[in-house]
>>> print(open('protein35.csv').read())   # CSV, C-alpha atoms
chain,number,residue,atom,x,y,z
X,1,MET,CA,63.9,107.0,71.2
X,2,GLU,CA,63.4,104.1,68.9
X,3,ASP,CA,62.6,100.8,70.6
X,4,LEU,CA,65.9,99.2,71.5
X,5,THR,CA,64.3,95.8,72.2
X,6,LEU,CA,66.4,93.6,69.9
X,7,ASN,CA,66.6,90.0,69.4
X,8,LEU,CA,69.7,89.8,71.5
X,9,LYS,CA,71.2,86.5,71.5
X,10,GLY,CA,73.7,85.1,74.1
X,11,SER,CA,73.3,82.5,76.8
X,12,ALA,CA,72.7,83.5,80.4
X,13,HIS,CA,75.4,81.4,81.8
X,14,LEU,CA,78.6,83.2,82.5
X,15,LYS,CA,80.9,80.9,84.4
X,16,GLY,CA,84.2,82.6,84.1
X,17,VAL,CA,83.0,86.1,84.6
X,18,LYS,CA,80.2,86.4,87.1
X,19,GLU,CA,77.1,88.4,86.4
X,20,GLU,CA,77.8,90.3,89.6
X,21,ALA,CA,81.2,91.4,88.2
X,22,LEU,CA,79.7,92.5,85.0
X,23,GLY,CA,77.0,94.4,86.8
X,24,ARG,CA,79.7,96.1,88.9
X,25,ILE,CA,81.6,97.2,85.8
X,26,ALA,CA,78.5,98.4,84.2
X,27,ARG,CA,77.6,100.5,87.3
X,28,GLU,CA,81.0,102.0,87.3
X,29,ILE,CA,80.8,102.9,83.7
X,30,ARG,CA,77.3,104.5,84.2
X,31,ASN,CA,78.8,106.6,87.0
X,32,VAL,CA,81.4,108.0,84.7
X,33,VAL,CA,79.3,108.3,81.5
X,34,PRO,CA,75.8,109.9,82.1
X,35,GLY,CA,73.1,109.3,79.6
X,36,ILE,CA,73.9,105.7,78.6
X,37,LEU,CA,70.7,104.2,77.1
X,38,MET,CA,71.7,100.6,77.5
X,39,MET,CA,74.7,98.5,78.3
X,40,LEU,CA,75.4,95.3,76.4
X,41,ALA,CA,77.9,92.5,76.9
X,42,PHE,CA,78.9,91.0,73.6
X,43,GLY,CA,81.3,88.5,72.1
X,44,SER,CA,83.1,85.8,74.0
X,45,VAL,CA,81.9,86.9,77.4
X,46,ASN,CA,78.5,85.5,76.5
X,47,HIS,CA,79.6,82.0,75.7
X,48,GLY,CA,82.2,79.6,76.9
X,49,ASP,CA,83.4,78.8,80.3
X,50,GLU,CA,86.4,81.0,80.2
X,51,PRO,CA,85.9,84.2,78.2
X,52,GLY,CA,89.1,85.6,76.8
X,53,ASP,CA,88.0,89.2,77.5
X,54,ILE,CA,85.1,91.3,78.5
X,55,ASP,CA,83.6,93.3,75.7
X,56,LEU,CA,80.9,95.8,76.5
X,57,ALA,CA,79.0,98.3,74.4
X,58,MET,CA,77.3,101.3,75.7
X,59,VAL,CA,74.4,102.5,73.6
X,60,VAL,CA,74.4,106.2,73.5
X,61,PRO,CA,72.2,108.8,71.8
X,62,ASP,CA,73.1,109.5,68.2
X,63,GLY,CA,75.8,112.2,67.9
X,64,TYR,CA,77.3,111.5,71.3
X,65,ASN,CA,80.9,112.7,71.7
X,66,SER,CA,82.7,109.4,71.7
X,67,ILE,CA,86.3,110.7,72.1
X,68,ASP,CA,85.6,112.6,75.4
X,69,THR,CA,83.6,109.6,76.6
X,70,LEU,CA,86.4,107.2,76.0
X,71,ARG,CA,88.9,109.5,77.6
X,72,ALA,CA,86.8,109.6,80.7
X,73,LEU,CA,86.1,105.9,80.7
X,74,ALA,CA,89.7,104.7,80.1
X,75,PRO,CA,90.9,104.7,83.7
X,76,VAL,CA,87.9,102.6,84.7
X,77,LEU,CA,88.5,100.1,81.9
X,78,ALA,CA,92.3,100.0,82.6
X,79,ARG,CA,91.7,99.3,86.3
X,80,GLN,CA,89.1,96.6,85.6
X,81,SER,CA,91.4,94.9,83.0
X,82,ILE,CA,94.3,94.7,85.5
X,83,LEU,CA,91.9,93.6,88.3
X,84,ASN,CA,90.3,90.8,86.3
X,85,GLY,CA,93.3,89.9,84.2
X,86,LEU,CA,91.0,90.1,81.2
X,87,LEU,CA,91.0,93.0,78.7
X,88,THR,CA,87.9,94.9,79.5
X,89,THR,CA,86.6,97.1,76.7
X,90,CYS,CA,83.5,99.3,76.3
X,91,PHE,CA,82.8,100.8,72.9
X,92,PRO,CA,80.1,103.5,72.3
X,93,ILE,CA,77.5,102.7,69.8
X,94,GLY,CA,74.8,105.1,68.6
X,95,GLU,CA,71.2,103.9,68.9
X,96,SER,CA,70.7,104.1,65.1
X,97,GLU,CA,73.9,102.2,64.5
X,98,LEU,CA,72.9,99.5,66.9
X,99,LEU,CA,69.5,99.1,65.2
X,100,HIS,CA,70.5,99.5,61.6
X,101,GLY,CA,74.3,99.6,61.3
X,102,LYS,CA,75.9,97.4,58.7
X,103,SER,CA,79.5,97.5,60.0
X,104,GLN,CA,81.1,94.3,61.4
X,105,PHE,CA,81.2,96.1,64.8
X,106,SER,CA,77.5,96.9,64.9
X,107,ARG,CA,76.5,93.5,63.6
X,108,ASN,CA,78.6,91.9,66.2
X,109,VAL,CA,77.0,93.9,69.0
X,110,ARG,CA,73.5,93.4,67.6
X,111,ASP,CA,74.0,89.6,67.0
X,112,THR,CA,75.8,88.6,70.2
X,113,GLY,CA,74.9,91.4,72.6
X,114,ARG,CA,73.1,90.8,75.9
X,115,ALA,CA,71.7,93.6,78.1
X,116,ILE,CA,73.4,93.9,81.5
S,117,MET,CA,121.2,91.5,76.1
S,118,THR,CA,123.3,90.1,73.3
S,119,PRO,CA,124.4,92.3,70.4
S,120,VAL,CA,122.1,90.2,68.1
S,121,GLU,CA,119.1,90.8,70.4
S,122,GLN,CA,119.9,94.5,70.6
S,123,SER,CA,120.2,94.7,66.9
S,124,SER,CA,116.8,93.0,66.5
S,125,LEU,CA,115.2,95.6,68.8
S,126,ASN,CA,116.8,98.4,66.9
S,127,VAL,CA,115.3,97.1,63.7
S,128,LYS,CA,111.9,96.9,65.3
S,129,ALA,CA,112.2,100.4,66.6
S,130,ALA,CA,113.2,101.6,63.2
S,131,MET,CA,110.1,99.9,61.6
S,132,ALA,CA,107.9,101.5,64.3
S,133,GLU,CA,109.4,104.9,63.5
S,134,ARG,CA,108.6,104.5,59.8
S,135,ARG,CA,105.0,103.7,60.6
S,136,ARG,CA,104.8,106.8,62.8
S,137,GLU,CA,106.1,108.9,59.9
S,138,ALA,CA,103.5,107.4,57.7
S,139,SER,CA,100.8,108.3,60.3
S,140,ARG,CA,101.9,111.9,60.3
S,141,ILE,CA,101.8,112.0,56.5
S,142,LEU,CA,98.3,110.5,56.5
S,143,LEU,CA,97.1,113.0,59.1
S,144,ARG,CA,98.4,116.0,57.1
S,145,ALA,CA,96.6,114.6,54.0
S,146,GLY,CA,93.3,114.4,55.9
S,147,PHE,CA,93.2,110.7,56.5
S,148,VAL,CA,92.6,111.0,60.2
S,149,ALA,CA,91.2,107.6,61.1
S,150,GLU,CA,93.8,105.9,59.0
S,151,ALA,CA,96.5,107.9,60.7
S,152,VAL,CA,95.3,106.7,64.1
S,153,VAL,CA,95.3,103.1,63.0
S,154,ILE,CA,98.8,103.3,61.6
S,155,GLU,CA,100.0,105.1,64.8
S,156,TRP,CA,98.5,102.3,66.9
S,157,THR,CA,100.3,99.6,64.8
S,158,ALA,CA,103.6,101.5,65.4
S,159,LEU,CA,103.0,101.6,69.2
S,160,ARG,CA,101.8,98.0,69.2
S,161,PHE,CA,105.0,97.0,67.4
S,162,LEU,CA,107.0,98.6,70.2
S,163,LEU,CA,104.9,97.0,72.9
S,164,PHE,CA,105.5,93.6,71.4
S,165,ALA,CA,109.2,94.3,71.3
S,166,TRP,CA,109.1,95.3,75.0
S,167,LEU,CA,107.5,92.0,75.9
S,168,GLU,CA,110.0,90.1,73.8
S,169,LYS,CA,112.9,91.8,75.5
S,170,GLN,CA,111.6,90.7,78.8
S,171,GLU,CA,110.9,87.2,77.4
S,172,ILE,CA,107.2,87.5,78.3
S,173,ALA,CA,105.0,85.1,76.3
S,174,TYR,CA,101.6,86.5,75.1
S,175,ASN,CA,98.7,85.3,73.1
S,176,GLY,CA,97.6,87.9,70.5
S,177,THR,CA,97.2,91.6,70.8
S,178,ARG,CA,94.6,91.5,73.5
S,179,GLY,CA,96.5,89.1,75.6
S,180,ALA,CA,99.6,91.3,75.2
S,181,LEU,CA,97.6,94.3,76.2
S,182,VAL,CA,96.6,92.9,79.5
S,183,ILE,CA,100.2,92.2,80.4
S,184,VAL,CA,101.4,95.6,79.1
S,185,LEU,CA,98.7,97.4,81.2
S,186,ASP,CA,100.4,95.9,84.3
S,187,LEU,CA,103.8,96.9,83.1
S,188,VAL,CA,102.8,100.6,82.3
S,189,LYS,CA,100.9,101.0,85.6
S,190,PRO,CA,104.0,102.3,87.4
S,191,LEU,CA,104.3,104.9,84.6
S,192,SER,CA,100.7,105.9,85.0
S,193,LEU,CA,100.0,105.2,81.4
S,194,GLU,CA,97.5,102.4,81.6
S,195,ALA,CA,94.5,104.7,80.9
S,196,ASP,CA,96.3,106.3,78.0
S,197,LEU,CA,96.9,102.9,76.5
S,198,VAL,CA,93.3,101.8,76.9
S,199,PHE,CA,92.1,105.0,75.4
S,200,ILE,CA,94.3,104.6,72.3
S,201,TYR,CA,93.3,101.0,71.9
S,202,HIS,CA,89.6,101.9,71.9
S,203,VAL,CA,89.9,104.8,69.5
S,204,ALA,CA,92.2,102.8,67.1
S,205,THR,CA,89.8,99.8,67.2
S,206,LEU,CA,86.8,102.1,66.4
S,207,CYS,CA,88.8,103.8,63.6
S,208,GLU,CA,89.5,100.4,62.1
S,209,TRP,CA,86.2,98.6,62.5
S,210,ASP,CA,83.4,101.1,63.0
S,211,GLU,CA,82.5,102.8,59.7
S,212,GLN,CA,80.2,105.2,61.6
S,213,PHE,CA,82.9,106.4,63.9
S,214,VAL,CA,83.8,110.0,63.1
S,215,LEU,CA,87.0,111.7,64.2
S,216,SER,CA,87.9,115.3,63.6
S,217,SER,CA,91.4,116.3,62.7
S,218,ALA,CA,91.8,118.0,66.1
S,219,GLN,CA,90.6,114.9,67.9
S,220,ALA,CA,93.0,112.7,65.9
S,221,SER,CA,95.9,115.1,66.8
S,222,SER,CA,95.0,114.7,70.4
S,223,VAL,CA,94.9,110.9,70.1
S,224,LEU,CA,98.3,111.0,68.4
S,225,THR,CA,99.7,113.2,71.2
S,226,THR,CA,98.6,110.5,73.7
S,227,CYS,CA,100.2,107.9,71.5
S,228,ASP,CA,103.4,109.9,71.5
S,229,ARG,CA,103.4,110.0,75.3
S,230,VAL,CA,103.1,106.2,75.6
S,231,TYR,CA,105.5,105.6,72.7
S,232,LYS,CA,108.3,107.7,74.3
S,233,ALA,CA,107.9,106.1,77.7
S,234,VAL,CA,108.0,102.5,76.2
S,235,GLU,CA,110.9,103.5,74.0
S,236,ASN,CA,112.7,104.7,77.1
S,237,GLU,CA,112.0,101.5,78.9
S,238,LEU,CA,113.3,99.5,75.9
S,239,PHE,CA,116.4,101.4,75.2
S,240,GLY,CA,117.0,103.8,78.1
S,241,SER,CA,120.2,105.9,77.7
S,242,LEU,CA,121.3,103.5,74.9
S,243,HIS,CA,118.5,105.0,72.8
S,244,GLU,CA,119.8,108.5,73.3
S,245,LYS,CA,123.2,107.3,72.0
S,246,ARG,CA,121.6,105.6,69.1
S,247,ARG,CA,119.9,108.9,68.0
>>> encode(input="protein35.csv", output="structure tokens")
Amino acid sequence: MEDLTLNLKGSAHLKGVKEEALGRIAREIRNVVPGILMMLAFGSVNHGDEPGDIDLAMVVPDGYNSIDTLRALAPVLARQSILNGLLTTCFPIGESELLHGKSQFSRNVRDTGRAI
Amino acid sequence: MTPVEQSSLNVKAAMAERRREASRILLRAGFVAEAVVIEWTALRFLLFAWLEKQEIAYNGTRGALVIVLDLVKPLSLEADLVFIYHVATLCEWDEQFVLSSAQASSVLTTCDRVYKAVENELFGSLHEKRR
């Protein structure tokens, strides 16, 4: 596996959404989806006092079956969204795409993502 | 509901139906990711109409989704809705995201399930008469 150590930006202070809550969500996701290489929080959850939503990305091996993964993960994300009153998303991203992808999505994850 | 409000809902439902037809055409032509995106916009249209009917204010698609997730929970459709949102978002924004025709059909089937349930909530027996 290529080195996934990126220059991940994002401040450490999460006032609205506690680290503990993020950690709990990440654990729940890992329980449902085996083989996740890394979990990242990206976007507004990493800045501001009151994040509008919780955006997570799960780094998966290239070629991972994203549809089946999302199907399995959906109940967890729905429950967390209702529980927190914040839309909670978790998008799969292949390791190559994370490191080299040029799409808006991959840039966003790479530029604002923070490992949780 | 006043006749004007009902008429407005009917117009929105008709527009959503047109998008769904467009989605089917795109799927048959092999534009699978595009079909999912259009199908999602149709469903989103109906979800917004549902919130409007209940006079629930919302802020953007994501704000609306959180509210709708609560509304569809009694119908056990919250996971379906989250699934559709994720796939449609990836289809729209992630150029690396690959979806087979069979997978797209499966996503559209899930969309259809949610769509019909929301349509039923919106129009109930009135919708049956409208058809």
>>> closest_residue(input="protein35.csv", among="S:Leu215, S:Leu162, S:Ala233, S:Val198", to="Ala74 of chain X", atoms="all atoms listed in the file")
S:Val198
>>> residues_around(input="protein35.csv", residues="Thr88 of chain X", least_positions_apart="6", cutoff="12 Å", atoms="all atoms listed in the file", output="JSON, numbers by chain")
{"X": [17, 21, 22, 25, 26, 29, 41, 42, 43, 44, 45, 51, 52, 53, 54, 55, 56, 57, 73, 74, 75, 76, 77, 78, 79, 80, 81, 82], "S": [178, 179, 181, 182, 185, 195, 198, 199, 201, 202]}
>>> atom_distance(input="protein35.csv", atom1="atom CA of Ser222 of chain S", atom2="atom CA of Glu155 of chain S")
12.2 Å
>>> residues_near_point(input="protein35.csv", point="(97.4, 111.7, 58.7)", cutoff="12 Å", atoms="all atoms listed in the file", output="ChimeraX atom specification")
/S:135-155,215-221,223-224
>>> write_last_selection(input="protein35.csv", atoms="C-alpha atoms", output="tab-separated table (two decimals), in the coordinates of the input")
chain	number	residue	atom	x	y	z
S	135	ARG	CA	105.00	103.70	60.60
S	136	ARG	CA	104.80	106.80	62.80
S	137	GLU	CA	106.10	108.90	59.90
S	138	ALA	CA	103.50	107.40	57.70
S	139	SER	CA	100.80	108.30	60.30
S	140	ARG	CA	101.90	111.90	60.30
S	141	ILE	CA	101.80	112.00	56.50
S	142	LEU	CA	98.30	110.50	56.50
S	143	LEU	CA	97.10	113.00	59.10
S	144	ARG	CA	98.40	116.00	57.10
S	145	ALA	CA	96.60	114.60	54.00
S	146	GLY	CA	93.30	114.40	55.90
S	147	PHE	CA	93.20	110.70	56.50
S	148	VAL	CA	92.60	111.00	60.20
S	149	ALA	CA	91.20	107.60	61.10
S	150	GLU	CA	93.80	105.90	59.00
S	151	ALA	CA	96.50	107.90	60.70
S	152	VAL	CA	95.30	106.70	64.10
S	153	VAL	CA	95.30	103.10	63.00
S	154	ILE	CA	98.80	103.30	61.60
S	155	GLU	CA	100.00	105.10	64.80
S	215	LEU	CA	87.00	111.70	64.20
S	216	SER	CA	87.90	115.30	63.60
S	217	SER	CA	91.40	116.30	62.70
S	218	ALA	CA	91.80	118.00	66.10
S	219	GLN	CA	90.60	114.90	67.90
S	220	ALA	CA	93.00	112.70	65.90
S	221	SER	CA	95.90	115.10	66.80
S	223	VAL	CA	94.90	110.90	70.10
S	224	LEU	CA	98.30	111.00	68.40
>>> residues_around(input="protein35.csv", residues="segment 64-69 of chain X", least_positions_apart="2", cutoff="9 Å", atoms="only C-alpha atoms", output="PyMOL selection string")
(chain X and resi 32-33+60-62+71-74+91-94) or (chain S and resi 199+203+213-215+219+223)
>>> closest_residue(input="protein35.csv", among="X:Arg110, X:Cys90, X:Leu70, X:Leu83", to="Asp196 of chain S", atoms="all atoms listed in the file")
X:Leu70
>>> closest_residue(input="protein35.csv", among="S:Tyr231, S:Tyr174, S:Trp156, S:Phe239", to="Leu191 of chain S", atoms="all atoms listed in the file")
S:Tyr231
>>> closest_residue(input="protein35.csv", among="S:Lys232, S:Thr157, S:Gly240, S:Ser192", to="chain X", atoms="only C-alpha atoms")
S:Ser192
>>> atom_distance(input="protein35.csv", atom1="atom CA of Leu167 of chain S", atom2="atom CA of Val234 of chain S")
10.5 Å
>>> closest_residue(input="protein35.csv", among="X:Ser106, X:Gly101, X:Glu95, X:Val59", to="Leu40 of chain X", atoms="all atoms listed in the file")
X:Val59
>>> atom_distance(input="protein35.csv", atom1="atom CA of Asn126 of chain S", atom2="atom CA of Leu193 of chain S")
23.2 Å
>>> closest_residue(input="protein35.csv", among="X:Arg107, X:Arg114, X:Arg30, X:Arg24", to="chain S", atoms="only C-alpha atoms")
X:Arg107
